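Student: The structure is given below, and queries will be raised subsequently.
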Amino acid sequence: MKRRQILAALCASAFACSAALPLAAQAKDDTVKVGLILSMTGPFASTGKQLEQGARLYMAQHGDTVAGKKIELVVKDDTGAPDHSRRVAQELVVQDQVDVLGGFVLTPLALSAAKVATQSKTPTLVMVAATSSVIDASPYFIRSSFTLPQVTIGVAEWAPANGIKSVATLVSDYGPGIDAEKAFIERFEQKGGNVVEAIRVPMQNPDFAPFLQRVKDIKPDAVFVFLPAGVGTQFMKQFSDRGLAGAGVKLLATGDVIEDDILNGMGDVALDVVSSHHYSAAHPSGLNKEFVQAFKEAYNGKRPNYMAVAAYDGMNILYNALKATGGNTGDELLEAMKGQKFESPRGPIQIDAKTRDIVQDVYIRRVQRLDDGELYSVEFDVMKEVHDPAQRG
Ligand code: PHB
């Protein structure tokens, strides 16, 4: 079936589409429309904003025309609700006639839109949703972010090599948290460590206090934590209030917990936290310095986090692919997105042509106060070209 026939079928099954279809198709011959589905309201609004700003910065720097096609972003709010995300994806494909979809802060949001991407054959850039299995939900998914197992194994290896032998894990109770817990336990125990307790906290509005008290009572050498971006501030406050550091329990994390958008506001409690992740605003490359400076200039001095970078790189993947296809979209564009390799502000990255997932360097970092007086995750070690360990890459 051709894409237009598929759209008509989706149109009939989804909702009334009126006569908008032929008009939209005519108008967009010289335009490539990119529908970004982002959480712009609700608890993950700050992450949606970072994604939009990262994408728009790329376009401001590289122009809004590529291979003779004008790039048009259509941003829609999924409010963080999976049902909404599927409906918005349908609207974007059927009514707005987008050629590419992208965004998805949370795993359930990407999963619920997967069928729309597949049925409409729309190349879709997953810019956050980091549960390993998300990539299998649609053959039209390309991931420009990371996976939790990919970024967790770094700190799981660092800890036992640095005297940390007993750990309690504390993760958000849904896909990426469960991935992080599993990856941490496997790798940490393989390297001689012992996980004494595995705690899962509710994803929505968690109260960490009872869980932290439990950790304090067990008194392991450290607690390893994964929480999705944006939630870490409340956790750090309760970690401090409960006096875990004073009780000798170190904090290990993925970079999500102490991400650049919120890290500096956490204050001294974050000092010395060791984490592993794929991006820090303090990554010491020339390209990243330029990226951070441009982002701050464009957005009132705000620091980019790994969301902004994933959207920036997602647009880079799209631009490169359009250059390769001479502006053609559909399956040809999807194929051109696979196997791309370039230098990102985070370091070298590539899209594995077989898995459609990202392969990248993962850094081990420690929170320090730098000369500008602000807190950053400062990289001190690196694992090169890490695939998602769960994948067949
Ligand atoms: C996810 O839901 O997959 C997710 C969201 C935010 C993160 C990491 C993973 O920081």
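By convention in this document, the chains of the structure tokens carry letters A, B, ... by their order, each chain's residues are numbered from 1, and ligands are numbered from 1 in the order they are shown.
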Write out as a PyMOL selection string each polymer residue whose atoms come within 6 Å of region 199-211 of chain A, counting only C-alpha atoms; drop sequence neighbours fewer than 5 positions from it.
Tutor: chain A and resi 169-173
Student: Residues up to 6 Å from ligand 1, counting only C-alpha atoms and all ligand atoms: could you list those as number ranges by chain?
Tutor: A: 105-107, 129-131, 176, 228-229, 256
Student: Given the selection you just returned, output its residues as a file containing C-alpha atoms, formatted as a CSV table (one decimal), in the first residue's frame.
Tutor:
chain,number,residue,atom,x,y,z
A,105,VAL,CA,9.9,12.0,26.8
A,106,LEU,CA,8.5,8.9,28.5
A,107,THR,CA,8.7,5.2,27.5
A,129,ALA,CA,12.2,7.1,25.9
A,130,ALA,CA,15.1,5.0,27.1
A,131,THR,CA,13.8,1.6,27.9
A,176,PRO,CA,13.6,2.4,32.3
A,228,PRO,CA,13.5,10.1,35.2
A,229,ALA,CA,14.7,13.6,34.4
A,256,ASP,CA,19.1,11.4,34.9
Student: Would you give me, as a PyMOL selection string, the residues in region 185-222 of chain A that DSSP reads as alpha helix (DSSP H)?
Tutor: chain A and resi 185-190+209-218
Student: When distances are computed from only C-alpha atoms, which of A:Ser132, A:Ser120, A:Gln90, A:Thr79 shows the smallest separation from Ala45 (chain A)?
Tutor: A:Thr79
Student: Of the residues A:Ala247, A:Ala110, A:Leu252, A:Ala60, which is the one nearest to Ser276 (chain A), using only C-alpha atoms?
Tutor: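 The closest residue to Ser276 (chain A) is A:Leu252.
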Student: Smallest atom-to-atom distance to Asp64 (chain A): which of A:Thr254, A:Asn316, A:Gln213, A:Ser166, using only C-alpha atoms?
Tutor: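 The answer is A:Asn316, which sits nearest to Asp64 (chain A).
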Student: Between A:Lys237, A:Lys338, A:Arg346, A:Lys191, which residue has the minimum interatomic distance to Tyr312 (chain A), considering only C-alpha atoms?
Tutor: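 For Tyr312 (chain A), the nearest of the given residues is A:Arg346.
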Student: Go through A:Val167, A:Ile178, A:Met59, A:Leu334 and flag the residue nearest Leu322 (chain A), using only C-alpha atoms for the distances.
Tutor: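 Comparing A:Val167, A:Ile178, A:Met59, A:Leu334 against Leu322 (chain A), the winner is A:Leu334.
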Student: Please provide the set of residues having any atom within 12 Å of Gln368 (chain A), restricted to only C-alpha atoms, with same-chain residues fewer than 6 positions apart removed, written as a list in words.
Tutor: Ile258, Leu263, Asn264, Gly267, Asp268, Val269, Ala270, Leu271, Asp272, Val273, Val274, Ala282, Glu374, Leu375, Tyr376, Ser377, Val378, Glu379 and Phe380 of chain A
Student: For those residues, write all heavy atoms to a file as a CSV table (one decimal), in the first residue's frame.
Tutor:
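Saved result, selection_25.csv, follows:
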chain,number,residue,atom,x,y,z
A,258,ILE,N,20.7,13.7,38.3
A,258,ILE,CA,21.4,15.0,38.5
A,258,ILE,C,21.7,15.7,37.2
A,258,ILE,O,22.7,16.2,36.9
A,258,ILE,CB,22.8,14.7,39.2
A,258,ILE,CG1,23.5,13.5,38.6
A,258,ILE,CG2,22.6,14.5,40.7
A,258,ILE,CD1,24.9,13.4,38.9
A,263,LEU,N,20.7,20.3,38.2
A,263,LEU,CA,21.9,20.0,39.1
A,263,LEU,C,22.3,21.2,39.9
A,263,LEU,O,22.5,21.1,41.2
A,263,LEU,CB,23.0,19.5,38.2
A,263,LEU,CG,24.4,19.3,38.9
A,263,LEU,CD1,24.2,18.3,40.1
A,263,LEU,CD2,25.4,18.7,38.0
A,264,ASN,N,22.5,22.3,39.3
A,264,ASN,CA,23.1,23.5,40.1
A,264,ASN,C,22.2,23.9,41.2
A,264,ASN,O,22.6,24.4,42.2
A,264,ASN,CB,23.4,24.6,39.1
A,264,ASN,CG,24.2,25.7,39.8
A,264,ASN,OD1,25.2,25.4,40.5
A,264,ASN,ND2,23.8,26.9,39.7
A,267,GLY,N,22.4,22.3,45.1
A,267,GLY,CA,23.3,22.7,46.1
A,267,GLY,C,24.3,21.6,46.5
A,267,GLY,O,24.4,20.6,45.9
A,268,ASP,N,25.0,21.9,47.6
A,268,ASP,CA,26.1,21.1,48.0
A,268,ASP,C,25.8,19.6,48.2
A,268,ASP,O,26.7,18.7,48.2
A,268,ASP,CB,26.8,21.6,49.3
A,268,ASP,CG,27.6,22.9,49.0
A,268,ASP,OD1,27.6,23.3,47.8
A,268,ASP,OD2,28.1,23.5,49.9
A,269,VAL,N,24.6,19.2,48.5
A,269,VAL,CA,24.2,17.8,48.7
A,269,VAL,C,24.6,17.0,47.5
A,269,VAL,O,24.9,15.8,47.6
A,269,VAL,CB,22.7,17.6,49.1
A,269,VAL,CG1,21.9,18.1,47.9
A,269,VAL,CG2,22.4,16.2,49.4
A,270,ALA,N,24.7,17.6,46.3
A,270,ALA,CA,25.0,16.8,45.1
A,270,ALA,C,26.5,16.7,44.9
A,270,ALA,O,27.0,15.8,44.1
A,270,ALA,CB,24.4,17.5,43.9
A,271,LEU,N,27.3,17.4,45.7
A,271,LEU,CA,28.8,17.3,45.5
A,271,LEU,C,29.3,15.9,45.7
A,271,LEU,O,28.9,15.2,46.6
A,271,LEU,CB,29.5,18.2,46.5
A,271,LEU,CG,29.6,19.7,46.2
A,271,LEU,CD1,30.1,20.5,47.4
A,271,LEU,CD2,30.5,19.9,45.0
A,272,ASP,N,30.2,15.5,44.8
A,272,ASP,CA,30.9,14.2,44.8
A,272,ASP,C,30.0,13.0,44.4
A,272,ASP,O,30.4,11.9,44.4
A,272,ASP,CB,31.5,13.9,46.2
A,272,ASP,CG,32.6,14.8,46.5
A,272,ASP,OD1,33.3,15.2,45.5
A,272,ASP,OD2,32.8,15.2,47.7
A,273,VAL,N,28.7,13.3,44.0
A,273,VAL,CA,27.9,12.1,43.5
A,273,VAL,C,28.6,11.6,42.2
A,273,VAL,O,28.9,12.4,41.3
A,273,VAL,CB,26.5,12.6,43.2
A,273,VAL,CG1,25.7,11.5,42.5
A,273,VAL,CG2,25.8,13.0,44.5
A,274,VAL,N,28.8,10.3,42.2
A,274,VAL,CA,29.3,9.7,41.0
A,274,VAL,C,28.2,9.0,40.2
A,274,VAL,O,27.3,8.4,40.7
A,274,VAL,CB,30.4,8.6,41.4
A,274,VAL,CG1,30.8,7.8,40.1
A,274,VAL,CG2,31.6,9.2,42.1
A,282,ALA,N,29.4,19.9,30.9
A,282,ALA,CA,30.9,20.1,31.1
A,282,ALA,C,31.7,19.3,30.2
A,282,ALA,O,33.0,19.3,30.4
A,282,ALA,CB,31.2,19.9,32.6
A,374,GLU,N,29.4,27.1,39.5
A,374,GLU,CA,28.2,26.2,39.4
A,374,GLU,C,28.6,24.7,39.5
A,374,GLU,O,29.8,24.4,39.3
A,374,GLU,CB,27.5,26.5,38.0
A,374,GLU,CG,27.0,27.9,37.9
A,374,GLU,CD,26.0,28.0,36.8
A,374,GLU,OE1,25.7,27.1,36.1
A,374,GLU,OE2,25.5,29.2,36.7
A,375,LEU,N,27.6,23.9,39.8
A,375,LEU,CA,27.8,22.5,39.9
A,375,LEU,C,27.7,21.8,38.5
A,375,LEU,O,26.8,22.1,37.8
A,375,LEU,CB,26.8,21.8,40.9
A,375,LEU,CG,26.9,22.3,42.3
A,375,LEU,CD1,25.7,21.7,43.1
A,375,LEU,CD2,28.2,21.9,43.0
A,376,TYR,N,28.6,20.9,38.2
A,376,TYR,CA,28.6,20.1,37.0
A,376,TYR,C,29.0,18.7,37.3
A,376,TYR,O,29.7,18.4,38.2
A,376,TYR,CB,29.6,20.7,36.0
A,376,TYR,CG,29.3,22.0,35.4
A,376,TYR,CD1,29.7,23.2,36.1
A,376,TYR,CD2,28.5,22.2,34.2
A,376,TYR,CE1,29.4,24.5,35.6
A,376,TYR,CE2,28.2,23.4,33.7
A,376,TYR,CZ,28.7,24.6,34.4
A,376,TYR,OH,28.4,25.8,33.9
A,377,SER,N,28.6,17.8,36.4
A,377,SER,CA,29.1,16.4,36.4
A,377,SER,C,30.4,16.4,35.5
A,377,SER,O,30.3,16.6,34.3
A,377,SER,CB,28.1,15.5,35.8
A,377,SER,OG,27.0,15.3,36.7
A,378,VAL,N,31.5,16.3,36.2
A,378,VAL,CA,32.8,16.4,35.5
A,378,VAL,C,33.3,15.0,35.2
A,378,VAL,O,33.4,14.1,36.0
A,378,VAL,CB,33.8,17.1,36.4
A,378,VAL,CG1,35.2,17.1,35.7
A,378,VAL,CG2,33.3,18.5,36.8
A,379,GLU,N,33.5,14.8,33.9
A,379,GLU,CA,33.8,13.4,33.4
A,379,GLU,C,35.3,13.1,33.8
A,379,GLU,O,36.2,13.9,33.6
A,379,GLU,CB,33.7,13.4,31.8
A,379,GLU,CG,32.2,13.6,31.4
A,379,GLU,CD,32.1,14.0,29.9
A,379,GLU,OE1,33.1,14.1,29.2
A,379,GLU,OE2,31.0,14.2,29.5
A,380,PHE,N,35.5,11.9,34.3
A,380,PHE,CA,36.9,11.4,34.6
A,380,PHE,C,37.2,10.1,34.0
A,380,PHE,O,38.4,9.7,34.1
A,380,PHE,CB,37.1,11.5,36.1
A,380,PHE,CG,36.3,10.5,37.0
A,380,PHE,CD1,36.7,9.2,37.2
A,380,PHE,CD2,35.1,11.0,37.5
A,380,PHE,CE1,36.0,8.4,37.9
A,380,PHE,CE2,34.3,10.1,38.3
A,380,PHE,CZ,34.7,8.8,38.5
Student: Might you pull out every residue within 6 Å of Asp77 (chain A), with only C-alpha atoms counted and same-chain residues fewer than 3 positions away left off, and present them as a ChimeraX atom specification?
Tutor: /A:37-40
Student: Once you have the residues from the selection above, write them out as a short mmCIF file (atom, residue, chain, number, x, y, z; two decimals), in the first residue's frame, restricted to N, CA and C atoms.
Tutor:
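Final output, saved to selection-v2.cif:
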data_model
loop_
_atom_site.label_atom_id
_atom_site.label_comp_id
_atom_site.auth_asym_id
_atom_site.auth_seq_id
_atom_site.Cartn_x
_atom_site.Cartn_y
_atom_site.Cartn_z
N ILE A 37 6.25 15.38 19.23
CA ILE A 37 5.28 15.09 20.29
C ILE A 37 6.03 15.20 21.61
N LEU A 38 5.74 16.28 22.34
CA LEU A 38 6.54 16.60 23.53
C LEU A 38 5.63 16.84 24.73
N SER A 39 6.16 16.56 25.91
CA SER A 39 5.41 16.88 27.13
C SER A 39 5.69 18.35 27.46
N MET A 40 4.74 19.22 27.09
CA MET A 40 4.95 20.67 27.26
C MET A 40 4.21 21.21 28.48
#
Student: Which residues, written as a ChimeraX atom specification, have at least one atom at most 9 Å from Asn328 (chain A), with only C-alpha atoms counted and residues fewer than 5 positions away on the same chain left out?
Tutor: /A:32,67,322-323,333
Student: Kindly save the residues from that selection, with N, CA, C and O atoms included, as a compact mmCIF listing (two decimals), in the first residue's frame.
Tutor:
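File result-v2.txt, as written:
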# COMPACT_ATOMS: atom_id res chain seq x y z
N VAL A 32 9.32 19.64 4.22
CA VAL A 32 9.36 18.41 5.03
C VAL A 32 8.83 18.79 6.40
O VAL A 32 9.42 19.63 7.09
N ALA A 67 18.40 20.18 1.22
CA ALA A 67 18.13 19.48 -0.05
C ALA A 67 16.93 20.10 -0.77
O ALA A 67 16.06 19.39 -1.30
N LEU A 322 18.24 13.68 4.78
CA LEU A 322 17.59 14.38 3.66
C LEU A 322 18.61 14.74 2.58
O LEU A 322 18.30 14.68 1.38
N LYS A 323 19.81 15.11 3.01
CA LYS A 323 20.86 15.40 2.02
C LYS A 323 21.13 14.15 1.19
O LYS A 323 21.27 14.20 -0.02
N LEU A 333 14.07 7.74 3.36
CA LEU A 333 14.61 8.58 4.44
C LEU A 333 14.99 7.72 5.66
O LEU A 333 16.06 7.90 6.25
Student: Return as a tab-separated table the residues of region 44-77 of chain A lying at most 12 Å from region 124-127 of chain A, together with the closest atom-to-atom pair for each and the distance in Å to one decimal, counting only C-alpha atoms, with rows in chain order and ascending residue number.
Tutor:
residue	atom	partner	partner_atom	distance
A:Thr47	CA	A:Met127	CA	10.8
A:Gly48	CA	A:Met127	CA	10.3
A:Gln50	CA	A:Met127	CA	11.0
A:Leu51	CA	A:Met127	CA	7.8
A:Glu52	CA	A:Met127	CA	10.6
A:Gly54	CA	A:Met127	CA	10.6
A:Ala55	CA	A:Met127	CA	10.3
Student: Excluding region 193-195 of chain A and any residue of its chain fewer than 5 positions from it, enumerate the residues within 10 Å of it, using only C-alpha atoms, and give them as a list of chain:residue names.
Tutor: A:Ala156, A:Glu157, A:Ala159, A:Pro160, A:Ala161, A:Gly163, A:Ile164, A:Lys165, A:Ser166, A:Val167, A:Ala168, A:Thr169, A:Phe184, A:Ile185, A:Glu186, A:Arg187, A:Phe188, A:Pro220, A:Ala222, A:Val223, A:Phe224
Student: Keeping C-alpha atoms, export the residues of the selection given above as a PDB file, in the first residue's frame.
Tutor:
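Contents of selection07.pdb, freshly written:
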ATOM      1  CA  ALA A 156      28.045  -0.557  38.029  1.00  0.00           C
ATOM      2  CA  GLU A 157      31.659  -1.308  37.046  1.00  0.00           C
ATOM      3  CA  ALA A 159      31.693   1.056  42.131  1.00  0.00           C
ATOM      4  CA  PRO A 160      33.253  -2.333  42.986  1.00  0.00           C
ATOM      5  CA  ALA A 161      36.593  -1.197  41.565  1.00  0.00           C
ATOM      6  CA  GLY A 163      35.753  -0.047  47.307  1.00  0.00           C
ATOM      7  CA  ILE A 164      31.940  -0.119  47.125  1.00  0.00           C
ATOM      8  CA  LYS A 165      30.919  -3.689  47.842  1.00  0.00           C
ATOM      9  CA  SER A 166      27.314  -3.507  49.070  1.00  0.00           C
ATOM     10  CA  VAL A 167      24.583  -1.484  47.340  1.00  0.00           C
ATOM     11  CA  ALA A 168      20.825  -0.958  47.609  1.00  0.00           C
ATOM     12  CA  THR A 169      19.153  -0.006  44.330  1.00  0.00           C
ATOM     13  CA  PHE A 184      23.102  -2.558  37.645  1.00  0.00           C
ATOM     14  CA  ILE A 185      22.582  -5.810  39.575  1.00  0.00           C
ATOM     15  CA  GLU A 186      23.953  -7.975  36.753  1.00  0.00           C
ATOM     16  CA  ARG A 187      27.094  -5.958  36.131  1.00  0.00           C
ATOM     17  CA  PHE A 188      27.821  -5.028  39.785  1.00  0.00           C
ATOM     18  CA  PRO A 220      24.956  -0.409  52.516  1.00  0.00           C
ATOM     19  CA  ALA A 222      26.011   3.056  48.603  1.00  0.00           C
ATOM     20  CA  VAL A 223      22.581   3.457  47.061  1.00  0.00           C
ATOM     21  CA  PHE A 224      22.267   3.357  43.264  1.00  0.00           C
TER      22      PHE A 224
END
Student: Write out as number ranges by chain each polymer residue whose atoms come within 12 Å of Thr325 (chain A), counting only C-alpha atoms; drop sequence neighbours fewer than 3 positions from it.
Tutor: A: 66-69, 318-322, 328-337
Student: Generate a file of the selected residues that holds N, CA, C and O atoms, formatted as a JSON list (two decimals), in the first residue's frame.
Tutor:
[["chain", "number", "residue", "atom", "x", "y", "z"],
["A", 66, "VAL", "N", 16.88, 22.27, 3.59],
["A", 66, "VAL", "CA", 17.90, 21.25, 3.32],
["A", 66, "VAL", "C", 17.46, 20.45, 2.10],
["A", 66, "VAL", "O", 16.28, 20.12, 1.96],
["A", 67, "ALA", "N", 18.40, 20.18, 1.22],
["A", 67, "ALA", "CA", 18.13, 19.48, -0.05],
["A", 67, "ALA", "C", 16.93, 20.10, -0.77],
["A", 67, "ALA", "O", 16.06, 19.39, -1.30],
["A", 68, "GLY", "N", 16.86, 21.40, -0.75],
["A", 68, "GLY", "CA", 15.79, 22.11, -1.45],
["A", 68, "GLY", "C", 14.43, 22.08, -0.74],
["A", 68, "GLY", "O", 13.46, 22.60, -1.26],
["A", 69, "LYS", "N", 14.36, 21.45, 0.43],
["A", 69, "LYS", "CA", 13.08, 21.36, 1.16],
["A", 69, "LYS", "C", 13.12, 22.25, 2.39],
["A", 69, "LYS", "O", 14.13, 22.27, 3.12],
["A", 318, "LEU", "N", 18.30, 13.88, 10.80],
["A", 318, "LEU", "CA", 17.31, 14.18, 9.76],
["A", 318, "LEU", "C", 17.94, 14.97, 8.61],
["A", 318, "LEU", "O", 17.74, 14.63, 7.43],
["A", 319, "TYR", "N", 18.70, 16.00, 8.94],
["A", 319, "TYR", "CA", 19.31, 16.83, 7.88],
["A", 319, "TYR", "C", 20.26, 15.98, 7.03],
["A", 319, "TYR", "O", 20.24, 16.05, 5.80],
["A", 320, "ASN", "N", 21.10, 15.18, 7.69],
["A", 320, "ASN", "CA", 22.03, 14.32, 6.94],
["A", 320, "ASN", "C", 21.28, 13.37, 6.01],
["A", 320, "ASN", "O", 21.66, 13.15, 4.87],
["A", 321, "ALA", "N", 20.21, 12.80, 6.55],
["A", 321, "ALA", "CA", 19.45, 11.81, 5.77],
["A", 321, "ALA", "C", 18.77, 12.48, 4.58],
["A", 321, "ALA", "O", 18.76, 11.93, 3.47],
["A", 322, "LEU", "N", 18.24, 13.68, 4.78],
["A", 322, "LEU", "CA", 17.59, 14.38, 3.66],
["A", 322, "LEU", "C", 18.61, 14.74, 2.58],
["A", 322, "LEU", "O", 18.30, 14.68, 1.38],
["A", 328, "ASN", "N", 14.02, 13.30, -0.49],
["A", 328, "ASN", "CA", 12.93, 12.30, -0.46],
["A", 328, "ASN", "C", 12.68, 11.84, 0.97],
["A", 328, "ASN", "O", 13.59, 11.82, 1.81],
["A", 329, "THR", "N", 11.43, 11.44, 1.21],
["A", 329, "THR", "CA", 11.05, 11.04, 2.57],
["A", 329, "THR", "C", 10.66, 9.54, 2.57],
["A", 329, "THR", "O", 11.13, 8.79, 1.74],
["A", 330, "GLY", "N", 9.84, 9.13, 3.52],
["A", 330, "GLY", "CA", 9.36, 7.74, 3.57],
["A", 330, "GLY", "C", 10.46, 6.73, 3.86],
["A", 330, "GLY", "O", 11.42, 7.02, 4.57],
["A", 331, "ASP", "N", 10.33, 5.54, 3.26],
["A", 331, "ASP", "CA", 11.27, 4.45, 3.54],
["A", 331, "ASP", "C", 12.71, 4.82, 3.15],
["A", 331, "ASP", "O", 13.67, 4.40, 3.79],
["A", 332, "GLU", "N", 12.84, 5.63, 2.09],
["A", 332, "GLU", "CA", 14.18, 6.04, 1.64],
["A", 332, "GLU", "C", 14.87, 6.87, 2.74],
["A", 332, "GLU", "O", 16.05, 6.70, 3.02],
["A", 333, "LEU", "N", 14.07, 7.74, 3.36],
["A", 333, "LEU", "CA", 14.61, 8.58, 4.44],
["A", 333, "LEU", "C", 14.99, 7.72, 5.66],
["A", 333, "LEU", "O", 16.06, 7.90, 6.25],
["A", 334, "LEU", "N", 14.13, 6.77, 5.98],
["A", 334, "LEU", "CA", 14.41, 5.87, 7.11],
["A", 334, "LEU", "C", 15.74, 5.15, 6.89],
["A", 334, "LEU", "O", 16.60, 5.10, 7.78],
["A", 335, "GLU", "N", 15.93, 4.61, 5.66],
["A", 335, "GLU", "CA", 17.17, 3.89, 5.36],
["A", 335, "GLU", "C", 18.38, 4.81, 5.51],
["A", 335, "GLU", "O", 19.43, 4.40, 6.00],
["A", 336, "ALA", "N", 18.21, 6.08, 5.09],
["A", 336, "ALA", "CA", 19.34, 7.02, 5.15],
["A", 336, "ALA", "C", 19.67, 7.44, 6.59],
["A", 336, "ALA", "O", 20.77, 7.90, 6.87],
["A", 337, "MET", "N", 18.70, 7.28, 7.48],
["A", 337, "MET", "CA", 18.98, 7.60, 8.89],
["A", 337, "MET", "C", 19.85, 6.52, 9.54],
["A", 337, "MET", "O", 20.58, 6.78, 10.49]]
